[in-house]
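Below: upload_39.csv (CSV, C-alpha atoms)
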chain,number,residue,atom,x,y,z
A,660,MET,CA,4.7,7.4,-20.2
A,661,GLU,CA,1.7,9.3,-19.0
A,662,MET,CA,-0.5,7.8,-16.2
A,663,THR,CA,-4.2,7.8,-16.5
A,664,MET,CA,-6.4,9.1,-13.6
A,665,PHE,CA,-7.1,5.5,-12.5
A,666,GLU,CA,-3.4,4.7,-12.3
A,667,ALA,CA,-2.6,7.9,-10.5
A,668,VAL,CA,-5.3,7.1,-7.9
A,669,MET,CA,-4.0,3.6,-7.5
A,670,ALA,CA,-0.4,4.8,-7.0
A,671,THR,CA,-1.5,7.4,-4.5
A,672,MET,CA,-3.4,4.8,-2.5
A,673,LEU,CA,-0.4,2.5,-2.6
A,674,ALA,CA,1.8,5.3,-1.2
A,675,ALA,CA,-0.8,5.9,1.6
A,676,LEU,CA,-1.0,2.1,2.4
A,677,ALA,CA,2.8,1.8,2.5
A,678,LEU,CA,3.1,4.8,4.8
A,679,THR,CA,0.3,3.5,7.1
A,680,THR,CA,2.0,0.1,7.3
A,681,TRP,CA,5.3,1.7,8.2
A,682,LEU,CA,3.7,4.0,10.8
A,683,SER,CA,1.7,1.1,12.4
A,684,TRP,CA,4.9,-1.0,12.6
A,685,ARG,CA,6.8,1.9,14.2
A,686,ALA,CA,3.9,2.6,16.7
A,687,GLY,CA,4.2,-0.9,18.0
A,688,ASN,CA,0.8,-2.2,16.9
A,689,GLU,CA,0.0,-6.0,17.0
A,690,ARG,CA,2.4,-7.8,14.7
A,691,ARG,CA,-0.5,-9.8,13.1
A,692,ASP,CA,-2.3,-6.6,12.3
A,693,VAL,CA,0.8,-5.1,10.7
A,694,ARG,CA,1.3,-8.3,8.7
A,695,LEU,CA,-2.3,-8.1,7.5
A,696,LEU,CA,-1.9,-4.5,6.5
A,697,ALA,CA,1.4,-5.4,4.8
A,698,GLY,CA,-0.3,-8.2,2.9
A,699,LEU,CA,-3.0,-5.9,1.7
A,700,THR,CA,-0.4,-3.3,0.7
A,701,GLY,CA,1.5,-5.9,-1.3
A,702,ALA,CA,-1.7,-7.0,-3.1
A,703,TRP,CA,-2.5,-3.4,-3.9
A,704,GLY,CA,1.0,-2.9,-5.1
A,705,ALA,CA,0.8,-5.9,-7.4
A,706,ALA,CA,-2.6,-4.7,-8.8
A,707,THR,CA,-1.1,-1.2,-9.3
A,708,ALA,CA,1.9,-2.7,-11.2
A,709,VAL,CA,-0.4,-4.6,-13.5
A,710,ALA,CA,-2.6,-1.5,-14.1
A,711,VAL,CA,0.4,0.6,-15.1
A,712,ALA,CA,1.9,-2.2,-17.3
A,713,LEU,CA,-1.3,-2.5,-19.3

Please express the file's structure as structure tokens.
Amino acid sequence: MEMTMFEAVMATMLAALALTTWLSWRAGNERRDVRLLAGLTGAWGAATAVAVAL
């Protein structure tokens, strides 16, 4: 299956968000901030999965 440009950008952004979440957790940032970032990452991941599935 070939990804469109839109799906590729969404997947790249998802990888960047996941890496940022992990790095912020490892750096010891406020837990509520890390949870917010993780929630946004999860929502972006769900949107990416829907975009790829369609």

Would you kindly return, as a PyMOL selection string, each protein, DNA or RNA residue with an atom no farther than 7 Å from any atom of range 661-673 of chain A, considering all atoms listed in the file and excluding same-chain residues fewer than 5 positions away?
chain A and resi 700+703-704+707+710-711

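The residue that comes closest to Leu696 in chain A, out of A:Thr680, A:Ala708, A:Ala675, A:Leu713 and on the basis of only C-alpha atoms, is A:Thr680.
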
Between CA of Gly687 in chain A and CA of Leu699 in chain A, what is the spacing in Å?
18.5 Å

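Restricting the calculation to all atoms listed in the file, the smallest distance between Ala674 in chain A and any of A:Ala686, A:Gly701, A:Ala712, A:Arg691 is found for A:Gly701.
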
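Note that the spacing between CA of Ser683 in chain A and CA of Ala706 in chain A amounts to 22.4 Å.
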
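CA of Ala677 in chain A to CA of Val709 in chain A spans 17.5 Å [interatomic distance, one decimal].
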